[in-house]
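Peer 1: Next comes target20.csv, CSV, C-alpha atoms:
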chain,number,residue,atom,x,y,z
O,13,MET,CA,44.3,-56.8,-221.3
O,14,VAL,CA,46.7,-58.7,-223.5
O,15,GLY,CA,46.5,-62.0,-221.5
O,16,VAL,CA,49.3,-64.5,-220.8
O,17,LYS,CA,51.4,-63.2,-223.7
O,18,GLY,CA,51.9,-60.1,-221.5
O,19,TRP,CA,54.2,-62.3,-219.3
O,20,PHE,CA,56.4,-63.1,-222.2
O,21,ARG,CA,57.1,-59.7,-223.9
O,22,ILE,CA,60.5,-59.5,-225.5
O,23,ARG,CA,60.3,-56.4,-227.6
O,24,GLY,CA,61.0,-53.1,-225.9
O,25,VAL,CA,61.4,-54.6,-222.4
O,26,SER,CA,64.2,-54.3,-219.9
O,27,LEU,CA,66.3,-57.1,-218.4
O,28,GLN,CA,64.0,-57.0,-215.4
O,29,SER,CA,61.1,-58.1,-217.5
O,30,LEU,CA,63.1,-60.7,-219.3
O,31,ALA,CA,64.1,-62.1,-215.9
O,32,PHE,CA,60.4,-62.1,-214.9
O,33,SER,CA,59.5,-64.0,-218.2
O,34,LEU,CA,62.2,-66.6,-217.6
O,35,GLN,CA,61.0,-67.0,-214.0
O,36,ARG,CA,57.5,-67.8,-215.3
O,37,LEU,CA,58.9,-70.1,-218.0
O,38,THR,CA,61.2,-72.0,-215.6
O,39,GLY,CA,58.3,-72.2,-213.1
O,40,ILE,CA,56.1,-73.9,-215.7
O,41,ILE,CA,58.9,-76.3,-216.8
O,42,LEU,CA,59.6,-77.2,-213.1
O,43,LEU,CA,55.9,-77.8,-212.6
O,44,ILE,CA,55.8,-80.2,-215.6
O,45,TYR,CA,59.0,-81.9,-214.3
O,46,LEU,CA,57.5,-82.3,-210.8
O,47,VAL,CA,54.5,-84.1,-212.2
O,48,ALA,CA,56.6,-86.3,-214.3
O,49,HIS,CA,59.0,-86.9,-211.4
O,50,LEU,CA,56.3,-87.9,-209.0
O,51,SER,CA,54.7,-90.2,-211.6
O,52,TYR,CA,58.1,-91.8,-212.1
O,53,LEU,CA,58.6,-92.4,-208.4
O,54,THR,CA,55.1,-93.9,-208.2
O,55,SER,CA,56.2,-96.6,-210.6
O,56,ILE,CA,57.8,-98.3,-207.6
O,57,ARG,CA,54.3,-99.4,-206.7
O,58,LEU,CA,54.4,-101.6,-209.8
O,59,GLY,CA,57.4,-103.4,-208.5
O,60,GLU,CA,61.2,-103.0,-208.0
O,61,GLU,CA,61.9,-104.3,-211.5
O,62,VAL,CA,59.7,-101.6,-213.2
O,63,TYR,CA,61.4,-98.9,-211.1
O,64,THR,CA,64.9,-100.2,-211.9
O,65,ALA,CA,64.0,-100.3,-215.6
O,66,PHE,CA,62.9,-96.7,-215.5
O,67,ILE,CA,66.1,-95.7,-213.6
O,68,SER,CA,68.3,-97.4,-216.2
O,69,LEU,CA,66.3,-95.7,-218.9
O,70,THR,CA,67.1,-92.2,-217.7
O,71,VAL,CA,70.3,-92.3,-215.6
O,72,ARG,CA,72.8,-92.8,-218.5
O,73,PRO,CA,75.2,-90.7,-220.5
O,74,GLU,CA,72.7,-89.9,-223.3
O,75,THR,CA,70.3,-88.1,-220.9
O,76,LEU,CA,73.0,-86.1,-219.2
O,77,PRO,CA,72.5,-83.0,-221.3
O,78,LEU,CA,68.8,-83.0,-220.3
O,79,ASP,CA,69.6,-83.4,-216.6
O,80,SER,CA,72.1,-80.6,-217.0
O,81,LEU,CA,69.5,-78.3,-218.5
O,82,LEU,CA,67.1,-79.2,-215.8
O,83,PHE,CA,69.6,-78.1,-213.2
O,84,LEU,CA,70.1,-74.8,-215.1
O,85,VAL,CA,66.3,-74.3,-214.9
O,86,ILE,CA,66.3,-75.1,-211.1
O,87,PHE,CA,69.2,-72.8,-210.3
O,88,TYR,CA,67.9,-69.9,-212.3
O,89,HIS,CA,64.5,-70.2,-210.8
O,90,ALA,CA,65.9,-70.5,-207.2
O,91,PHE,CA,68.4,-67.6,-207.5
O,92,ASN,CA,66.1,-65.3,-209.4
O,93,GLY,CA,63.3,-66.2,-206.9
O,94,LEU,CA,65.7,-65.2,-204.1
O,95,ARG,CA,66.3,-61.8,-205.8
O,96,VAL,CA,62.6,-61.2,-206.2
O,97,VAL,CA,62.0,-62.1,-202.5
O,98,LEU,CA,64.7,-59.7,-201.4
O,99,ASN,CA,63.5,-56.9,-203.6
O,100,GLU,CA,59.9,-57.4,-202.5
O,101,PHE,CA,61.0,-56.9,-198.9
O,102,GLY,CA,62.5,-53.7,-200.1
O,103,ILE,CA,66.1,-55.0,-199.6
O,104,LEU,CA,68.6,-53.9,-202.2
O,105,TYR,CA,65.9,-52.3,-204.3
O,106,GLU,CA,68.2,-49.6,-205.6
O,107,TYR,CA,70.7,-52.3,-206.6
O,108,ARG,CA,68.2,-54.5,-208.4
O,109,ARG,CA,70.1,-54.6,-211.6
O,110,ALA,CA,73.4,-55.5,-210.0
O,111,LEU,CA,71.6,-58.1,-207.9
O,112,LEU,CA,70.1,-59.6,-211.1
O,113,TYR,CA,73.6,-60.0,-212.6
O,114,ILE,CA,75.2,-61.4,-209.4
O,115,LEU,CA,72.5,-64.0,-208.8
O,116,ALA,CA,72.4,-65.0,-212.5
O,117,ALA,CA,76.2,-65.5,-212.3
O,118,LEU,CA,75.7,-67.6,-209.2
O,119,ALA,CA,73.1,-69.7,-210.9
O,120,VAL,CA,75.5,-70.4,-213.8
O,121,ILE,CA,78.3,-71.3,-211.4
O,122,CYS,CA,76.1,-73.7,-209.5
O,123,TRP,CA,74.9,-75.1,-212.8
O,124,LEU,CA,78.4,-75.8,-214.1
O,125,TRP,CA,79.4,-77.4,-210.8
O,126,SER,CA,76.3,-79.6,-210.7
O,127,THR,CA,76.9,-80.7,-214.3
O,128,TYR,CA,80.4,-81.6,-213.5
O,129,VAL,CA,79.3,-83.7,-210.5
O,130,MET,CA,76.7,-85.4,-212.6
O,131,TYR,CA,79.2,-86.1,-215.3
O,132,ILE,CA,81.6,-87.7,-212.9
O,133,TYR,CA,78.8,-89.8,-211.4
O,134,VAL,CA,77.4,-91.0,-214.7
O,135,MET,CA,80.6,-91.5,-216.6
O,136,GLY,CA,82.3,-93.0,-213.6
G,23,MET,CA,66.3,-33.8,-244.3
G,24,GLU,CA,66.2,-37.4,-243.1
G,25,GLU,CA,63.1,-39.6,-243.7
G,26,VAL,CA,61.8,-41.9,-241.0
G,27,ILE,CA,59.0,-44.4,-241.5
G,28,PHE,CA,56.2,-44.2,-239.0
G,29,ASN,CA,54.5,-47.6,-238.9
G,30,ILE,CA,51.3,-47.0,-237.0
G,31,ARG,CA,48.9,-49.6,-235.6
G,32,ARG,CA,45.6,-48.2,-236.4
G,33,PHE,CA,42.1,-49.2,-235.3
G,34,ASN,CA,38.9,-48.0,-236.8
G,35,GLY,CA,36.5,-49.5,-234.2
G,36,ILE,CA,36.3,-52.8,-236.1
G,37,ASN,CA,39.6,-53.7,-237.7
G,38,SER,CA,43.2,-53.3,-236.5
G,39,TYR,CA,45.9,-52.8,-239.1
G,40,TRP,CA,49.3,-51.3,-239.7
G,41,GLN,CA,49.8,-48.2,-241.9
G,42,ARG,CA,53.1,-46.7,-243.0
G,43,PHE,CA,53.9,-43.0,-243.3
G,44,LYS,CA,57.1,-41.4,-244.5
G,45,VAL,CA,57.9,-38.5,-242.2
G,46,PRO,CA,60.7,-35.9,-243.0
G,47,VAL,CA,62.6,-35.4,-239.8
G,48,LYS,CA,64.9,-32.7,-238.7
G,49,ARG,CA,67.1,-32.5,-235.6
G,50,GLY,CA,65.1,-31.9,-232.4
G,51,MET,CA,61.8,-32.9,-233.9
G,52,THR,CA,59.6,-34.9,-231.5
G,53,LEU,CA,57.5,-38.0,-232.1
G,54,LEU,CA,54.4,-35.8,-231.4
G,55,GLU,CA,55.5,-33.4,-234.1
G,56,GLY,CA,55.8,-36.3,-236.4
G,57,LEU,CA,52.3,-37.5,-235.6
G,58,TYR,CA,51.0,-33.9,-236.2
G,59,TYR,CA,52.8,-33.9,-239.5
G,60,ILE,CA,51.0,-37.0,-240.6
G,61,LYS,CA,47.6,-35.6,-239.4
G,62,GLU,CA,48.1,-32.3,-241.1
G,63,ASN,CA,49.8,-33.5,-244.4
G,64,LEU,CA,49.2,-37.2,-245.0
G,65,ASP,CA,46.1,-38.5,-243.2
G,66,GLY,CA,43.7,-36.3,-241.3
G,67,SER,CA,41.9,-39.3,-239.8
G,68,LEU,CA,44.8,-40.4,-237.6
G,69,ALA,CA,43.7,-40.2,-234.0
G,70,PHE,CA,46.0,-39.6,-231.0
G,71,ARG,CA,45.9,-37.8,-227.7
G,72,ALA,CA,48.1,-34.8,-226.8
G,73,SER,CA,47.8,-31.7,-224.8
G,74,CYS,CA,50.6,-29.9,-223.1
G,75,ARG,CA,53.5,-30.8,-225.4
G,76,MET,CA,55.9,-30.6,-222.4
G,77,GLY,CA,55.7,-33.9,-220.5
G,78,ILE,CA,53.2,-32.6,-217.9
G,79,CYS,CA,49.8,-33.8,-218.8
G,80,GLY,CA,50.7,-37.5,-219.6
G,81,SER,CA,48.2,-37.6,-222.5
G,82,CYS,CA,50.5,-38.6,-225.4
G,83,ALA,CA,52.0,-41.9,-224.1
G,84,VAL,CA,52.3,-44.4,-226.9
G,85,ARG,CA,54.4,-47.5,-227.4
G,86,VAL,CA,57.3,-47.1,-229.8
G,87,ASN,CA,59.1,-50.3,-230.9
G,88,GLY,CA,57.4,-52.0,-227.9
G,89,LYS,CA,58.4,-49.5,-225.2
G,90,PRO,CA,56.0,-46.9,-223.8
G,91,MET,CA,57.2,-43.3,-224.0
G,92,LEU,CA,55.8,-39.8,-224.1
G,93,ALA,CA,55.5,-38.7,-227.7
G,94,CYS,CA,56.1,-35.0,-226.8
G,95,GLU,CA,59.4,-35.7,-225.0
G,96,THR,CA,60.9,-38.2,-227.4
G,97,GLN,CA,63.1,-36.9,-230.1
G,98,ILE,CA,62.8,-39.0,-233.2
G,99,LEU,CA,66.5,-39.0,-234.2
G,100,ASN,CA,67.4,-40.0,-230.6
G,101,LEU,CA,65.6,-43.3,-231.2
G,102,LYS,CA,68.2,-44.1,-233.9
G,103,ALA,CA,65.8,-46.1,-236.1
G,104,LYS,CA,64.8,-45.8,-239.7
G,105,LYS,CA,61.4,-47.3,-238.9
G,106,LEU,CA,59.3,-46.8,-235.8
G,107,ASP,CA,56.5,-49.2,-234.9
G,108,ILE,CA,54.0,-47.0,-233.0
G,109,GLU,CA,51.2,-48.6,-231.1
G,110,PRO,CA,48.6,-47.6,-228.5
G,111,LEU,CA,49.3,-48.5,-224.8
G,112,ASP,CA,48.7,-52.1,-223.8
G,113,ASN,CA,46.4,-53.5,-221.1
G,114,MET,CA,43.8,-50.9,-222.0
G,115,ARG,CA,40.9,-50.9,-224.5
G,116,VAL,CA,41.7,-49.2,-227.8
G,117,LEU,CA,39.1,-46.6,-228.8
G,118,LYS,CA,40.7,-45.4,-232.1
G,119,ASP,CA,44.2,-45.6,-233.5
G,120,LEU,CA,46.5,-44.5,-230.7
G,121,ILE,CA,43.8,-43.5,-228.2
G,122,VAL,CA,43.0,-45.9,-225.4
G,123,ASP,CA,40.2,-45.9,-222.8
G,124,PHE,CA,41.5,-44.5,-219.5
G,125,ASP,CA,38.1,-44.7,-217.6
G,126,ASP,CA,39.0,-47.9,-215.8
G,127,PHE,CA,42.5,-46.6,-215.0
G,128,PHE,CA,41.1,-43.5,-213.3
G,129,LYS,CA,38.3,-45.5,-211.5
G,130,LYS,CA,41.1,-47.5,-209.9
G,131,HIS,CA,42.7,-44.3,-208.8
G,132,GLU,CA,39.5,-43.1,-207.2
G,133,ALA,CA,39.3,-46.4,-205.3
G,134,VAL,CA,42.4,-45.5,-203.2
G,135,LYS,CA,41.3,-42.0,-202.4
G,136,PRO,CA,44.2,-40.0,-203.8
G,137,TYR,CA,43.7,-36.9,-201.7
G,138,LEU,CA,44.5,-35.8,-198.2
G,139,ILE,CA,42.0,-37.3,-195.6
G,140,ARG,CA,41.7,-35.4,-192.3
G,141,ASP,CA,39.0,-35.2,-189.7
G,142,ASP,CA,40.0,-31.8,-188.3
G,143,VAL,CA,39.9,-29.6,-191.4
G,144,PHE,CA,37.1,-27.1,-191.6
G,145,TYR,CA,37.0,-25.1,-194.7
G,146,SER,CA,35.3,-22.2,-193.0
G,147,LYS,CA,38.5,-21.9,-190.9
G,148,PRO,CA,41.4,-23.0,-193.0
G,149,VAL,CA,44.6,-23.8,-191.1
G,150,GLU,CA,48.1,-24.3,-192.4
G,151,LEU,CA,49.3,-27.9,-192.3
G,152,LEU,CA,53.0,-27.8,-191.4
G,153,GLN,CA,55.5,-30.3,-192.7
G,154,THR,CA,59.3,-30.6,-192.3
G,155,PRO,CA,61.5,-31.0,-195.4
G,156,LYS,CA,62.3,-34.6,-194.2
G,157,GLU,CA,58.6,-35.4,-194.1
G,158,LEU,CA,58.1,-33.9,-197.6
G,159,LYS,CA,61.1,-35.9,-198.9
G,160,GLU,CA,59.4,-39.1,-197.8
G,161,TYR,CA,56.8,-38.9,-200.6
G,162,TYR,CA,57.8,-36.0,-202.9
G,163,ASN,CA,59.1,-38.1,-205.7
G,164,PHE,CA,55.9,-40.0,-206.0
G,165,THR,CA,53.9,-36.8,-206.4
G,166,LEU,CA,55.5,-36.4,-209.8
G,167,CYS,CA,53.3,-39.1,-211.4
G,168,ILE,CA,51.5,-37.7,-214.4
G,169,LYS,CA,49.2,-40.7,-214.8
G,170,CYS,CA,50.3,-41.4,-218.4
G,171,GLY,CA,49.6,-45.1,-218.1
G,172,SER,CA,53.0,-46.2,-219.3
G,173,CYS,CA,53.6,-48.4,-216.2
G,174,TYR,CA,50.2,-50.0,-216.3
G,175,SER,CA,50.7,-50.7,-220.0
G,176,MET,CA,53.8,-52.8,-219.4
G,177,CYS,CA,52.7,-54.5,-216.2
G,178,PRO,CA,52.5,-58.3,-216.7
G,179,ALA,CA,50.2,-58.6,-213.7
G,180,ALA,CA,47.7,-56.2,-215.4
G,181,SER,CA,48.0,-58.3,-218.5
G,182,THR,CA,46.2,-61.2,-216.9
G,183,ARG,CA,44.0,-59.5,-214.3
G,184,GLY,CA,41.9,-56.6,-215.5
G,185,ASP,CA,40.9,-55.6,-212.0
G,186,TYR,CA,44.5,-55.3,-210.7
G,187,LEU,CA,44.9,-51.8,-209.4
G,188,GLY,CA,48.2,-51.4,-211.1
G,189,PRO,CA,51.5,-49.6,-210.3
G,190,ALA,CA,50.3,-46.0,-210.8
G,191,THR,CA,47.3,-46.4,-208.5
G,192,ILE,CA,49.3,-48.1,-205.8
G,193,THR,CA,51.9,-45.4,-206.1
G,194,ALA,CA,49.2,-42.8,-205.6
G,195,ALA,CA,48.0,-44.7,-202.5
G,196,TYR,CA,51.6,-44.7,-201.1
G,197,ARG,CA,52.1,-41.1,-201.9
G,198,PHE,CA,49.2,-40.1,-199.6
G,199,CYS,CA,49.9,-42.8,-197.0
G,200,ALA,CA,53.5,-41.5,-196.6
G,201,ASP,CA,52.3,-37.9,-196.2
G,202,SER,CA,52.5,-36.8,-192.6
G,203,ARG,CA,49.4,-34.6,-193.0
G,204,ASP,CA,47.2,-37.5,-194.0
G,205,LYS,CA,45.0,-39.6,-191.7
G,206,GLY,CA,43.4,-42.0,-194.2
G,207,LYS,CA,46.1,-44.7,-194.2
G,208,ASN,CA,43.9,-47.5,-193.1
G,209,GLU,CA,41.2,-46.7,-195.7
G,210,ARG,CA,43.8,-47.0,-198.4
G,211,LEU,CA,45.4,-50.1,-197.0
G,212,GLU,CA,42.0,-51.7,-197.0
G,213,ALA,CA,41.7,-50.8,-200.7
G,214,VAL,CA,45.1,-52.1,-201.7
G,215,SER,CA,45.3,-55.3,-199.5
G,216,GLY,CA,42.6,-57.1,-201.5
G,217,THR,CA,43.3,-59.8,-204.1
G,218,ASN,CA,43.4,-57.1,-206.8
G,219,GLY,CA,45.9,-55.0,-204.9
G,220,VAL,CA,49.6,-55.2,-203.9
G,221,TRP,CA,49.7,-59.0,-203.8
G,222,ARG,CA,49.2,-59.2,-207.6
G,223,CYS,CA,52.6,-57.6,-208.2
G,224,HIS,CA,55.3,-60.1,-209.1
G,225,PHE,CA,58.1,-57.6,-209.3
G,226,ALA,CA,58.9,-57.5,-212.9
G,227,ALA,CA,59.8,-53.9,-212.1
G,228,GLU,CA,59.1,-52.9,-215.7
G,229,CYS,CA,56.9,-50.0,-214.4
G,230,SER,CA,60.0,-48.4,-212.9
G,231,GLU,CA,62.0,-49.0,-216.1
G,232,VAL,CA,59.5,-47.3,-218.4
G,233,CYS,CA,58.3,-44.5,-216.1
G,234,PRO,CA,59.0,-41.2,-218.0
G,235,LYS,CA,59.2,-39.3,-214.7
G,236,LYS,CA,61.5,-41.9,-213.1
G,237,ILE,CA,59.3,-42.1,-210.0
G,238,GLU,CA,60.0,-45.8,-209.3
G,239,PRO,CA,56.4,-47.2,-209.0
G,240,ALA,CA,57.8,-50.6,-208.2
G,241,LYS,CA,59.4,-49.2,-205.1
G,242,ALA,CA,56.1,-47.7,-204.0
G,243,VAL,CA,54.3,-51.0,-204.6
G,244,GLN,CA,56.8,-52.9,-202.4
G,245,LYS,CA,56.6,-50.3,-199.6
G,246,MET,CA,52.8,-50.4,-199.8
G,247,ARG,CA,53.0,-54.2,-199.7
G,248,LYS,CA,55.0,-54.1,-196.5
G,249,SER,CA,52.4,-51.8,-194.9
G,250,ALA,CA,49.6,-53.9,-196.2
G,251,ALA,CA,51.1,-57.0,-194.6
G,252,GLY,CA,51.3,-55.3,-191.2
G,253,TYR,CA,47.8,-54.0,-191.6
G,254,MET,CA,46.4,-57.4,-192.4
G,255,ILE,CA,48.2,-59.1,-189.5
G,256,LYS,CA,46.8,-56.4,-187.1
G,257,LYS,CA,43.4,-56.9,-188.6
G,258,ILE,CA,43.4,-60.5,-187.5
G,259,PHE,CA,43.9,-59.6,-183.9
G,260,ARG,CA,41.5,-56.7,-183.9
Kindly return the structure encoded in the file as structure tokens.

Peer 2:
Amino acid sequence: MVGVKGWFRIRGVSLQSLAFSLQRLTGIILLIYLVAHLSYLTSIRLGEEVYTAFISLTVRPETLPLDSLLFLVIFYHAFNGLRVVLNEFGILYEYRRALLYILAALAVICWLWSTYVMYIYVMG
Amino acid sequence: MEEVIFNIRRFNGINSYWQRFKVPVKRGMTLLEGLYYIKENLDGSLAFRASCRMGICGSCAVRVNGKPMLACETQILNLKAKKLDIEPLDNMRVLKDLIVDFDDFFKKHEAVKPYLIRDDVFYSKPVELLQTPKELKEYYNFTLCIKCGSCYSMCPAASTRGDYLGPATITAAYRFCADSRDKGKNERLEAVSGTNGVWRCHFAAECSEVCPKKIEPAKAVQKMRKSAAGYMIKKIFR
């Protein structure tokens, strides 16, 4: 057994394994984000001013790249997860590589669109 | 004659270290021949497993530049590299140099009963068990597994759970479950539907990518998973 490092092999592996590694990595990032996000929302219990102060701290042009990256992580995890679910049900198994490319492309398209929407919202 | 560096990860029972060997290579020479060249001319203490030299026995699987392959079937010049990092298979205990312990791997195979199970066979009166070509096609590809351990070596699920049955074992289980002559499907489904069975697979599908016989173990695992789901649901209402 090689332990957790077996999830993140890079050398000698195929695109399928890299997709798996990224799925794990994005999953860990989303878990950390979820905890931070829920802690952030809980701040409303300390009063509206505290919550508004937090909002003004993060919803601004400087943090836009981070939000954009977060959406990339979300879309990758969602679309790649969909691919894994389909393949695990035996659907499109033979086309698993094509499916990987198509869903990764969809993730990128959704990411660019969401970044554009956020940019319009933040920049006005 | 071209010279290729064999950078071999060695293990003497205590320490693990890398050792370089310069191997003269000619066209058509296999990795296994390279290893034999080292053993016969450079270092007789180098340990590796090999037997049939024709991709049948599955003994000589090693990792070359991270990817598992059969040393006997891999031509050195086809790898198009001046330096080859040769390591033993992953996810198994290394005994010496390139030799890993397969005991656990085969014990897992035994657990899924990889043989025909029937209640009406009497060896005193053998009968022919007929099968149509369509029925044979259902599982034939999966009979080609040579149990080299390449799939298990690259499986990320096996990296973190030592008791995971692994792709080769589940493929063997599927091979017999899909055989129209077999009557032991439920016994095997019981074996693979536990926490160390099909549910551990997270579909990295690297097993199918590295399989030297191209038998698609990931496909067998997913098919077995579907059967296991049905079996477990039925079990609730039984």

Peer 1: G:Ala194: which residues within 10 Å, counting only C-alpha atoms, same-chain residues fewer than 4 positions away excluded, as a list of chain:residue names?

Peer 2: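 Here the answer would be G:His131, G:Glu132, G:Val134, G:Lys135, G:Pro136, G:Tyr137, G:Tyr161, G:Phe164, G:Thr165, G:Leu166, G:Cys167, G:Lys169, G:Pro189, G:Ala190, G:Phe198, G:Cys199, G:Arg210, G:Pro239, G:Ala242, G:Val243.
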
Peer 1: Would you save the residues of that selection, restricted to C-alpha atoms, as a PDB file, in the frame of the given file?

Peer 2:
ATOM      1  CA  HIS G 131      42.700 -44.300-208.800  1.00  0.00           C
ATOM      2  CA  GLU G 132      39.500 -43.100-207.200  1.00  0.00           C
ATOM      3  CA  VAL G 134      42.400 -45.500-203.200  1.00  0.00           C
ATOM      4  CA  LYS G 135      41.300 -42.000-202.400  1.00  0.00           C
ATOM      5  CA  PRO G 136      44.200 -40.000-203.800  1.00  0.00           C
ATOM      6  CA  TYR G 137      43.700 -36.900-201.700  1.00  0.00           C
ATOM      7  CA  TYR G 161      56.800 -38.900-200.600  1.00  0.00           C
ATOM      8  CA  PHE G 164      55.900 -40.000-206.000  1.00  0.00           C
ATOM      9  CA  THR G 165      53.900 -36.800-206.400  1.00  0.00           C
ATOM     10  CA  LEU G 166      55.500 -36.400-209.800  1.00  0.00           C
ATOM     11  CA  CYS G 167      53.300 -39.100-211.400  1.00  0.00           C
ATOM     12  CA  LYS G 169      49.200 -40.700-214.800  1.00  0.00           C
ATOM     13  CA  PRO G 189      51.500 -49.600-210.300  1.00  0.00           C
ATOM     14  CA  ALA G 190      50.300 -46.000-210.800  1.00  0.00           C
ATOM     15  CA  PHE G 198      49.200 -40.100-199.600  1.00  0.00           C
ATOM     16  CA  CYS G 199      49.900 -42.800-197.000  1.00  0.00           C
ATOM     17  CA  ARG G 210      43.800 -47.000-198.400  1.00  0.00           C
ATOM     18  CA  PRO G 239      56.400 -47.200-209.000  1.00  0.00           C
ATOM     19  CA  ALA G 242      56.100 -47.700-204.000  1.00  0.00           C
ATOM     20  CA  VAL G 243      54.300 -51.000-204.600  1.00  0.00           C
TER      21      VAL G 243
END

Peer 1: What is the distance, in Å and to one decimal place, between atom CA of O:Pro73 and atom CA of O:Leu115?

Peer 2: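 So the two atoms, atom CA of O:Pro73 and atom CA of O:Leu115, lie 29.3 Å apart.
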
Peer 1: Could you please tell me, as a PyMOL selection string, which residues of chain O have an atom within 12 Å of chain G when using only C-alpha atoms?

Peer 2: chain O and resi 13-36+92-109+112

Peer 1: Which residue out of O:Leu76, O:Leu42, O:Leu50, O:Leu58 has the minimum interatomic distance to O:Val129 when all atoms listed in the file are used?

Peer 2: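 Among O:Leu76, O:Leu42, O:Leu50, O:Leu58, it is O:Leu76 that comes nearest to O:Val129.
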
Peer 1: For G:Asn163, list every protein, DNA or RNA residue within 10 Å, evaluated using all atoms listed in the file, and leave out those in the same chain fewer than 4 positions away; present the list as a PDB file with C-alpha atoms, in the frame of the given file.

Peer 2:
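And here's part-v6.pdb as it stands now:
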ATOM      1  CA  LEU G 158      58.100 -33.900-197.600  1.00  0.00           C
ATOM      2  CA  LYS G 159      61.100 -35.900-198.900  1.00  0.00           C
ATOM      3  CA  CYS G 167      53.300 -39.100-211.400  1.00  0.00           C
ATOM      4  CA  ARG G 197      52.100 -41.100-201.900  1.00  0.00           C
ATOM      5  CA  LYS G 235      59.200 -39.300-214.700  1.00  0.00           C
ATOM      6  CA  LYS G 236      61.500 -41.900-213.100  1.00  0.00           C
ATOM      7  CA  ILE G 237      59.300 -42.100-210.000  1.00  0.00           C
ATOM      8  CA  GLU G 238      60.000 -45.800-209.300  1.00  0.00           C
TER       9      GLU G 238
END

Peer 1: Could you please determine the separation between atom CA of G:Asp119 and atom CA of G:Phe33 in Å, to one decimal place?

Peer 2: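 A separation of 4.5 Å between them.
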